[in-house]
Amino acid sequence: MCAKLFMKDPLNKAEYTPRRFRAFIDLVRPFTLLAPALGAITGSLMALLVQGDLSRPFFSAEWPFLYIPGLPFFTMISGITSLVFLNAASNTLNQVYDRDIDIINKAYRPIPMGVVTPREGIWISVVLYGIALWRAAMVNRYFLLMVVVLILFTISYSVPPLRFKKRLWISNISVALPRGMLGIVAAWSITGSITDPLPWVIGSIMAVFLVGSTTTKDLTDVPGDARFGIRTLPVHYGKRKAIALSSPFFILPFIMMGIYWYLDLLPKYSLVMAVVFMVWSGFVIYLIYKEGDREDEHFENSPAWKQMYLMLMGMQMGFLTLFVL
């Protein structure tokens, strides 16, 4: 049996799906959609828990999950799908404007392979952005506002003349703010209020983490980025110095957690979570130094990047667990 399971698998392994359809799936990079989906779920549930709108515990035999009183299931589905489609649109748009770079760095992607044209990529991203806005409008006006802001960030990251991607440090920050800070606030606003300080506190932790961890995706892209003037940290400083500059951002978020816990801004057990994730960060830093520029066999970028992404999702689940406890 032959099947295309991973992004880097050749398209001729897509035995059970049309070649072009499978290319469209690769265009949105499904693995990277897990974090926004999980972030939307955990953020909206945290808001409900903080507000006391869930009157029964989660995994109760008496109340199956979908029927927990106070759980706005369809509103949450609209919000989750909005953030997933937004990220899919962003991934597609980025590949359109990175097509020349990807010929060098990621020739297996659909556009460099010629399976999807740049024009088709633009239209796909427009449709996906449109779906994200439509779903956001079904939630509430504050969530819709957050989605519009996130869309503007993603466009500014990829599209000239702003093209934040090519601007030193601004590149990292322009990923960290929408995917860390504003992403959590947007998820929270599906069921809660953006005036609540908690999502901003959690978002600040996630954003600081992403300022440094974003470098993990750049370490394997140096050849193409350097050729086309993309001033990432590894291109500008060299790989070793870029890793050294990024490493503190893996530890600082969990020091911040301890400070927030001390100030009574985060719930009990936050210190335990901080310690666990500081140890995990140490492992990721070790991976970056050891093989940060080694391409993963199946996934895009390096094993360190994959581990960082798993850590990001682990943080989302960790924060939800704090509020459940």
# chains A, B, ... in the order shown; residues from 1 in each chain; ligands from 1
call {"tool": "residues_around", "arguments": {"residues": "Arg227 (chain A)", "least_positions_apart": "2", "cutoff": "12 Å", "atoms": "only C-alpha atoms", "output": "list in words"}}
result
Asp100, Ile101, Asp102, Ile103, Ile104, Asn105, Lys166, Asp221, Val222, Pro223, Gly224, Asp225, Gly229, Ile230, Arg231, Thr232 and Val235 of chain A
call {"tool": "closest_residue", "arguments": {"among": "A:Thr214, A:Tyr142, A:Trp169, A:Leu150", "to": "Tyr237 (chain A)", "atoms": "only C-alpha atoms"}}
result
A:Trp169
call {"tool": "residues_around", "arguments": {"residues": "region 245-253 of chain A", "least_positions_apart": "6", "cutoff": "7 Å", "atoms": "only C-alpha atoms", "output": "ChimeraX atom specification"}}
result
/A:205,208-209,211-213,215,278,281,285
call {"tool": "select_by_dssp", "arguments": {"residues": "region 114-256 of chain A", "states": "helix (DSSP H, G or I)", "output": "ChimeraX atom specification"}}
result
/A:118-137,141-158,164-166,170-188,197-213,215-227,233-237,239-246,248-256
call {"tool": "closest_residue", "arguments": {"among": "A:Val149, A:Ser158, A:Gly238, A:Thr92", "to": "Ala226 (chain A)", "atoms": "only C-alpha atoms"}}
result
A:Gly238
call {"tool": "closest_residue", "arguments": {"among": "A:Met181, A:Ile170, A:Ala37, A:Met317", "to": "Leu233 (chain A)", "atoms": "only C-alpha atoms"}}
result
A:Ile170
call {"tool": "residues_around", "arguments": {"residues": "Ile111 (chain A)", "least_positions_apart": "4", "cutoff": "10 Å", "atoms": "only C-alpha atoms", "output": "list of chain:residue names"}}
result
A:Ala23, A:Phe24, A:Leu27, A:Thr92, A:Gln95, A:Val96, A:Asp98, A:Arg99, A:Asp100, A:Asp102, A:Ile103, A:Lys106, A:Ala107, A:Val115, A:Val116, A:Thr117, A:Pro118, A:Arg119, A:Glu120, A:Gly121
call {"tool": "closest_residue", "arguments": {"among": "A:Ile194, A:Ala186, A:Val201, A:Val275", "to": "Leu263 (chain A)", "atoms": "only C-alpha atoms"}}
result
A:Val201
